[in-house]
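> Sharing work_13.pdb, PDB, C-alpha atoms:
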```pdb
ATOM      1  CA  MET A   1      12.394  21.832  -0.744
ATOM      2  CA  LYS A   2      13.056  18.429   0.822
ATOM      3  CA  ASN A   3      10.814  15.545  -0.186
ATOM      4  CA  PRO A   4       8.770  14.594   2.920
ATOM      5  CA  LEU A   5       8.847  10.946   1.791
ATOM      6  CA  ASP A   6      12.609  10.842   2.419
ATOM      7  CA  SER A   7      11.931  10.619   6.162
ATOM      8  CA  LEU A   8       9.585   8.263   8.002
ATOM      9  CA  TRP A   9       8.101  11.103  10.048
ATOM     10  CA  GLY A  10       7.476  13.098   6.861
ATOM     11  CA  THR A  11       5.770  10.063   5.335
ATOM     12  CA  VAL A  12       3.502   9.517   8.366
ATOM     13  CA  ILE A  13       2.600  13.212   8.703
ATOM     14  CA  THR A  14       1.837  13.476   4.959
ATOM     15  CA  GLY A  15      -0.413  10.410   5.291
ATOM     16  CA  LEU A  16      -2.258  11.920   8.248
ATOM     17  CA  VAL A  17      -2.780  15.239   6.418
ATOM     18  CA  LEU A  18      -4.062  13.376   3.337
ATOM     19  CA  THR A  19      -6.452  11.398   5.581
ATOM     20  CA  ILE A  20      -7.946  14.631   6.967
ATOM     21  CA  VAL A  21      -8.317  16.144   3.477
ATOM     22  CA  LEU A  22      -9.937  12.984   2.065
ATOM     23  CA  TYR A  23     -12.230  12.728   5.109
ATOM     24  CA  TYR A  24     -13.793  16.107   4.266
ATOM     25  CA  VAL A  25     -13.951  15.193   0.561
ATOM     26  CA  ALA A  26     -15.831  12.002   1.467
ATOM     27  CA  LYS A  27     -18.156  13.920   3.810
ATOM     28  CA  GLN A  28     -19.057  16.290   0.965
ATOM     29  CA  LEU A  29     -19.627  13.438  -1.498
ATOM     30  CA  VAL A  30     -21.939  11.630   0.944
ATOM     31  CA  VAL A  31     -23.868  14.822   1.774
ATOM     32  CA  LEU A  32     -24.273  15.802  -1.908
ATOM     33  CA  ALA A  33     -25.824  12.418  -2.780
TER      34      ALA A  33
ATOM     35  CA  MET B   1     -23.689 -17.730   6.490
ATOM     36  CA  ASP B   2     -23.401 -15.660   3.332
ATOM     37  CA  TYR B   3     -20.340 -17.524   2.034
ATOM     38  CA  VAL B   4     -18.948 -15.295  -0.755
ATOM     39  CA  PRO B   5     -18.813 -11.963   1.148
ATOM     40  CA  ALA B   6     -17.851 -13.714   4.400
ATOM     41  CA  ILE B   7     -14.885 -15.541   2.857
ATOM     42  CA  ALA B   8     -13.952 -12.518   0.696
ATOM     43  CA  ARG B   9     -13.821 -10.262   3.792
ATOM     44  CA  TRP B  10     -11.739 -12.849   5.708
ATOM     45  CA  LEU B  11      -9.282 -13.245   2.809
ATOM     46  CA  HIS B  12      -9.185  -9.465   2.271
ATOM     47  CA  LEU B  13      -8.154  -8.976   5.910
ATOM     48  CA  MET B  14      -5.587 -11.799   5.977
ATOM     49  CA  ALA B  15      -3.918 -10.854   2.692
ATOM     50  CA  GLY B  16      -4.132  -7.163   3.623
ATOM     51  CA  VAL B  17      -2.352  -7.774   6.933
ATOM     52  CA  MET B  18       0.436  -9.596   5.072
ATOM     53  CA  TRP B  19       0.690  -6.881   2.377
ATOM     54  CA  ILE B  20       0.718  -3.841   4.648
ATOM     55  CA  GLY B  21       2.735  -5.711   7.283
ATOM     56  CA  LEU B  22       5.498  -6.400   4.759
ATOM     57  CA  LEU B  23       5.228  -2.811   3.447
ATOM     58  CA  TYR B  24       5.835  -1.540   6.994
ATOM     59  CA  TYR B  25       8.655  -4.085   7.421
ATOM     60  CA  PHE B  26      10.379  -2.700   4.296
ATOM     61  CA  ASN B  27       9.915   0.933   5.338
ATOM     62  CA  PHE B  28      10.292   0.845   9.118
ATOM     63  CA  VAL B  29      12.718  -2.079   9.544
ATOM     64  CA  GLN B  30      14.615  -3.241   6.452
ATOM     65  CA  GLY B  31      15.715   0.209   5.227
ATOM     66  CA  ALA B  32      17.406   1.075   8.529
ATOM     67  CA  ALA B  33      18.730  -2.495   8.942
ATOM     68  CA  LEU B  34      20.323  -2.424   5.472
ATOM     69  CA  LYS B  35      22.140   0.811   6.272
ATOM     70  CA  ALA B  36      23.587  -0.729   9.442
ATOM     71  CA  ALA B  37      24.346  -4.025   7.665
ATOM     72  CA  ALA B  38      26.164  -2.240   4.823
ATOM     73  CA  ALA B  39      28.486  -0.662   7.411
ATOM     74  CA  ASP B  40      29.707  -4.075   8.640
ATOM     75  CA  ASN B  41      29.416  -5.919   5.286
ATOM     76  CA  THR B  42      26.498  -8.166   6.301
ATOM     77  CA  ALA B  43      23.895  -6.711   3.902
ATOM     78  CA  ALA B  44      24.086  -9.751   1.600
ATOM     79  CA  GLY B  45      22.179 -11.840   4.143
ATOM     80  CA  ILE B  46      19.230  -9.475   3.801
ATOM     81  CA  THR B  47      19.427  -8.722   0.062
ATOM     82  CA  LYS B  48      20.039 -12.360  -0.930
ATOM     83  CA  HIS B  49      17.840 -14.304   1.479
ATOM     84  CA  VAL B  50      15.268 -12.014   3.117
ATOM     85  CA  ALA B  51      14.313  -9.352   0.568
ATOM     86  CA  PRO B  52      13.426 -11.667  -2.382
ATOM     87  CA  LEU B  53      11.186 -13.839  -0.195
ATOM     88  CA  ALA B  54       9.571 -10.825   1.472
ATOM     89  CA  LEU B  55       8.956  -9.279  -1.971
ATOM     90  CA  TYR B  56       7.382 -12.537  -3.207
ATOM     91  CA  TYR B  57       4.765 -12.571  -0.418
ATOM     92  CA  PHE B  58       4.437  -8.772  -0.660
ATOM     93  CA  ARG B  59       3.438  -8.598  -4.328
ATOM     94  CA  TRP B  60       1.165 -11.664  -4.334
ATOM     95  CA  SER B  61      -0.590 -10.698  -1.101
ATOM     96  CA  ALA B  62      -1.149  -7.239  -2.647
ATOM     97  CA  LEU B  63      -2.912  -8.839  -5.619
ATOM     98  CA  LEU B  64      -4.934 -11.197  -3.418
ATOM     99  CA  THR B  65      -5.998  -8.281  -1.182
ATOM    100  CA  TRP B  66      -7.271  -6.349  -4.200
ATOM    101  CA  LEU B  67      -9.081  -9.359  -5.717
ATOM    102  CA  ALA B  68     -10.750 -10.259  -2.405
ATOM    103  CA  GLY B  69     -11.737  -6.589  -1.978
ATOM    104  CA  ALA B  70     -13.282  -6.564  -5.464
ATOM    105  CA  ALA B  71     -15.177  -9.777  -4.645
ATOM    106  CA  LEU B  72     -16.364  -8.191  -1.412
ATOM    107  CA  LEU B  73     -17.697  -5.135  -3.252
ATOM    108  CA  GLY B  74     -19.482  -7.450  -5.704
ATOM    109  CA  GLY B  75     -22.194  -5.612  -7.641
ATOM    110  CA  ASN B  76     -21.393  -2.373  -5.782
ATOM    111  CA  ILE B  77     -17.937  -2.082  -7.347
ATOM    112  CA  VAL B  78     -19.065   0.532  -9.920
ATOM    113  CA  ALA B  79     -20.786   2.634  -7.232
ATOM    114  CA  ALA B  80     -17.594   2.472  -5.160
ATOM    115  CA  PHE B  81     -15.206   3.456  -7.953
ATOM    116  CA  THR B  82     -17.503   6.257  -9.154
ATOM    117  CA  LEU B  83     -17.705   7.499  -5.515
ATOM    118  CA  SER B  84     -21.509   7.420  -5.612
ATOM    119  CA  GLY B  85     -23.282   8.617  -2.465
ATOM    120  CA  SER B  86     -22.466   6.597   0.644
ATOM    121  CA  TYR B  87     -20.187   4.361  -1.467
ATOM    122  CA  ALA B  88     -17.749   7.299  -1.685
ATOM    123  CA  VAL B  89     -16.288   6.236   1.684
ATOM    124  CA  ILE B  90     -15.266   2.706   0.679
ATOM    125  CA  GLY B  91     -14.689   4.018  -2.861
ATOM    126  CA  ILE B  92     -11.874   6.320  -1.724
ATOM    127  CA  GLY B  93     -10.344   3.313   0.052
ATOM    128  CA  ALA B  94     -10.739   1.211  -3.099
ATOM    129  CA  TRP B  95      -9.034   3.882  -5.234
ATOM    130  CA  LEU B  96      -6.146   4.186  -2.765
ATOM    131  CA  GLY B  97      -5.738   0.388  -2.720
ATOM    132  CA  THR B  98      -5.789   0.268  -6.518
ATOM    133  CA  ILE B  99      -3.117   2.983  -6.822
ATOM    134  CA  MET B 100      -1.022   1.085  -4.271
ATOM    135  CA  LEU B 101      -1.415  -2.209  -6.157
ATOM    136  CA  LEU B 102      -0.311  -0.512  -9.389
ATOM    137  CA  ASN B 103       2.674   0.929  -7.518
ATOM    138  CA  VAL B 104       3.640  -2.572  -6.333
ATOM    139  CA  TRP B 105       3.435  -4.290  -9.723
ATOM    140  CA  GLY B 106       4.311  -1.334 -11.970
ATOM    141  CA  LEU B 107       7.093   0.411 -10.023
ATOM    142  CA  ILE B 108       8.317  -1.438  -6.915
ATOM    143  CA  TRP B 109       8.679  -4.978  -8.284
ATOM    144  CA  PRO B 110      10.212  -4.110 -11.727
ATOM    145  CA  ASN B 111      12.776  -1.838 -10.039
ATOM    146  CA  GLN B 112      13.507  -4.270  -7.193
ATOM    147  CA  LYS B 113      14.338  -6.914  -9.827
ATOM    148  CA  LYS B 114      17.150  -4.625 -11.045
ATOM    149  CA  ILE B 115      18.319  -3.779  -7.504
ATOM    150  CA  LEU B 116      18.461  -7.431  -6.392
ATOM    151  CA  GLY B 117      20.126  -8.612  -9.597
ATOM    152  CA  ILE B 118      17.169 -10.716 -10.761
ATOM    153  CA  LYS B 119      17.184  -8.574 -13.926
ATOM    154  CA  PRO B 120      20.558  -7.401 -15.335
ATOM    155  CA  ALA B 121      21.239  -3.682 -14.890
ATOM    156  CA  THR B 122      24.211  -1.305 -14.940
ATOM    157  CA  ASP B 123      25.267   0.518 -11.757
ATOM    158  CA  GLU B 124      23.623   3.688 -13.081
ATOM    159  CA  GLU B 125      20.358   1.833 -13.797
ATOM    160  CA  LYS B 126      20.498   0.252 -10.342
ATOM    161  CA  ALA B 127      20.942   3.648  -8.668
ATOM    162  CA  LYS B 128      17.946   5.021 -10.592
ATOM    163  CA  ALA B 129      15.881   1.900  -9.797
ATOM    164  CA  ARG B 130      16.758   2.236  -6.091
ATOM    165  CA  ARG B 131      15.381   5.791  -5.962
ATOM    166  CA  ILE B 132      12.188   4.935  -7.885
ATOM    167  CA  ALA B 133      11.492   1.813  -5.773
ATOM    168  CA  PHE B 134      12.183   3.765  -2.579
ATOM    169  CA  LEU B 135       9.802   6.604  -3.465
ATOM    170  CA  ALA B 136       7.081   4.198  -4.669
ATOM    171  CA  SER B 137       7.370   2.235  -1.434
ATOM    172  CA  ARG B 138       7.273   5.411   0.689
ATOM    173  CA  THR B 139       4.272   6.635  -1.346
ATOM    174  CA  ASN B 140       2.472   3.383  -0.516
ATOM    175  CA  THR B 141       3.364   3.732   3.183
ATOM    176  CA  MET B 142       1.938   7.268   3.099
ATOM    177  CA  LEU B 143      -1.205   6.139   1.209
ATOM    178  CA  SER B 144      -1.728   3.189   3.599
ATOM    179  CA  ILE B 145      -2.655   5.680   6.351
ATOM    180  CA  PRO B 146      -5.812   7.033   4.625
ATOM    181  CA  LEU B 147      -6.369   3.583   3.025
ATOM    182  CA  LEU B 148      -6.769   1.887   6.430
ATOM    183  CA  PHE B 149      -8.902   4.792   7.689
ATOM    184  CA  PHE B 150     -11.333   4.450   4.760
ATOM    185  CA  MET B 151     -11.408   0.641   4.980
ATOM    186  CA  ALA B 152     -12.394   0.935   8.647
ATOM    187  CA  ALA B 153     -14.850   3.782   7.940
ATOM    188  CA  GLY B 154     -16.406   1.910   5.000
ATOM    189  CA  ALA B 155     -17.314  -0.990   7.256
ATOM    190  CA  HIS B 156     -18.288   1.109  10.307
ATOM    191  CA  SER B 157     -19.554   4.372   8.803
ATOM    192  CA  ALA B 158     -21.649   5.477  11.819
ATOM    193  CA  ILE B 159     -18.751   5.698  14.265
ATOM    194  CA  TYR B 160     -16.737   7.704  11.710
ATOM    195  CA  GLY B 161     -19.515  10.252  11.227
ATOM    196  CA  PHE B 162     -20.606   9.334   7.708
TER     197      PHE B 162
END
```
Can the structure in the file be given as structure tokens, please?


Amino acid sequence: MKNPLDSLWGTVITGLVLTIVLYYVAKQLVVLA
Amino acid sequence: MDYVPAIARWLHLMAGVMWIGLLYYFNFVQGAALKAAAADNTAAGITKHVAPLALYYFRWSALLTWLAGAALLGGNIVAAFTLSGSYAVIGIGAWLGTIMLLNVWGLIWPNQKKILGIKPATDEEKAKARRIAFLASRTNTMLSIPLLFFMAAGAHSAIYGF
């Protein structure tokens, strides 16, 4: 499999996906407190 | 005016703009420019005169951004790094920034020294250093996307739904 970081589009899309994942992680952490 | 957090936030923003701006320059501009410059033998202008200076401001602005961010968190730094309650939002940003700072000083700069000839290295070592520095830089570009989201959300939690 190609490394997504080898292309700029792959880098940006990976960053956007990670943002969405971390957003829901943060939501859970705030709600659980 | 509350001087310490006010100046820390100002410095954090200024240094952060320089850090991430240079990171984007390396990834969106210099990489493509070097490929084109190598084709007509003009790459030395970039590698000799531009890259070392850009890397100088890049690594020191990265450190200043982190230090100003730590000063801004003040007594809440433990709550942020332990992702406690509402501090989880800025805490995720702080963790991403910390990983990125470690990437700059632990991977990008040591390997760039070999690539640019600041530190002696064989051709094989240079090729390996080029790949490591490239991936570390791309990792930071990727991490900067959630980093900036959580920095914005940490300061304006209501509009981000936290």

> Return as a tab-separated table the residues of chain B lying at most 8 Å from chain A, together with the closest atom-to-atom pair for each and the distance in Å to one decimal, counting all atoms listed in the file, with rows in chain order and ascending residue number.


```
residue	atom	partner	partner_atom	distance
B:Asn27	CA	A:Leu8	CA	7.8
B:Phe28	CA	A:Leu8	CA	7.5
B:Leu83	CA	A:Leu29	CA	7.4
B:Ser84	CA	A:Ala33	CA	7.2
B:Gly85	CA	A:Ala33	CA	4.6
B:Ser86	CA	A:Val30	CA	5.1
B:Tyr87	CA	A:Val30	CA	7.9
B:Ala88	CA	A:Ala26	CA	6.0
B:Val89	CA	A:Ala26	CA	5.8
B:Ile92	CA	A:Ala26	CA	7.6
B:Leu135	CA	A:Leu5	CA	6.9
B:Arg138	CA	A:Leu5	CA	5.9
B:Thr139	CA	A:Leu5	CA	7.0
B:Thr141	CA	A:Thr11	CA	7.1
B:Met142	CA	A:Gly15	CA	4.5
B:Leu143	CA	A:Gly15	CA	6.0
B:Ser144	CA	A:Gly15	CA	7.5
B:Ile145	CA	A:Gly15	CA	5.3
B:Pro146	CA	A:Thr19	CA	4.5
B:Phe149	CA	A:Thr19	CA	7.4
B:Phe162	CA	A:Lys27	CA	6.5
```

> Residues at most 12 Å from range 30-32 of chain B, counting only C-alpha atoms, excluding those fewer than 3 positions away in the same chain, as a VMD selection string?

(chain A and resid 6 to 8) or (chain B and resid 22 to 27 35 to 39 43 45 to 47 50 to 51 54 to 55 130 133 to 134 137 to 138)

> In Å to one decimal, how far is CA of Leu148 in chain B from CA of Thr82 in chain B?

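Between these atoms lies a distance of 19.4 Å.
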
> Quick one: pull the distance between CA of Leu13 in chain B and CA of Thr65 in chain B, Å, one decimal.

7.4 Å

> Can you measure CA of Gly106 in chain B to CA of Met1 in chain A for me? One decimal in Å is fine.

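Going from CA of Gly106 in chain B over to CA of Met1 in chain A covers 27.0 Å.
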
> With distances taken over all atoms listed in the file, which of B:Val17, B:Ile108, B:Ile118, B:Ile99 is nearest to Leu64 in chain B?

B:Val17

> Please identify all polymer residues within 12 Å of Gly16 in chain B, counting only C-alpha atoms, omitting same-chain residues fewer than 6 positions from it, and present them as a CSV table (one decimal) with C-alpha atoms, in the frame of the given file.


```
chain,number,residue,atom,x,y,z
B,8,ALA,CA,-14.0,-12.5,0.7
B,9,ARG,CA,-13.8,-10.3,3.8
B,10,TRP,CA,-11.7,-12.8,5.7
B,22,LEU,CA,5.5,-6.4,4.8
B,23,LEU,CA,5.2,-2.8,3.4
B,24,TYR,CA,5.8,-1.5,7.0
B,57,TYR,CA,4.8,-12.6,-0.4
B,58,PHE,CA,4.4,-8.8,-0.7
B,59,ARG,CA,3.4,-8.6,-4.3
B,60,TRP,CA,1.2,-11.7,-4.3
B,61,SER,CA,-0.6,-10.7,-1.1
B,62,ALA,CA,-1.1,-7.2,-2.6
B,63,LEU,CA,-2.9,-8.8,-5.6
B,64,LEU,CA,-4.9,-11.2,-3.4
B,65,THR,CA,-6.0,-8.3,-1.2
B,66,TRP,CA,-7.3,-6.3,-4.2
B,67,LEU,CA,-9.1,-9.4,-5.7
B,68,ALA,CA,-10.8,-10.3,-2.4
B,69,GLY,CA,-11.7,-6.6,-2.0
B,97,GLY,CA,-5.7,0.4,-2.7
B,100,MET,CA,-1.0,1.1,-4.3
B,101,LEU,CA,-1.4,-2.2,-6.2
B,144,SER,CA,-1.7,3.2,3.6
B,147,LEU,CA,-6.4,3.6,3.0
B,148,LEU,CA,-6.8,1.9,6.4
B,151,MET,CA,-11.4,0.6,5.0
```

> Quick one: axis-aligned box around all listed atoms of range 8-20 of chain A, 6 Å on every side, centre and edge lengths in Å to one decimal, written as JSON.


```
{"center_x": 0.8, "center_y": 11.8, "center_z": 6.7, "size_x": 29.5, "size_y": 19.0, "size_z": 18.7}
```

> Counting all atoms listed in the file, find residues at most 10 Å from (-18.1, -14.9, -6.8) (file frame) and give them as number ranges by chain.

B: 3-5, 8, 68, 70-72, 74
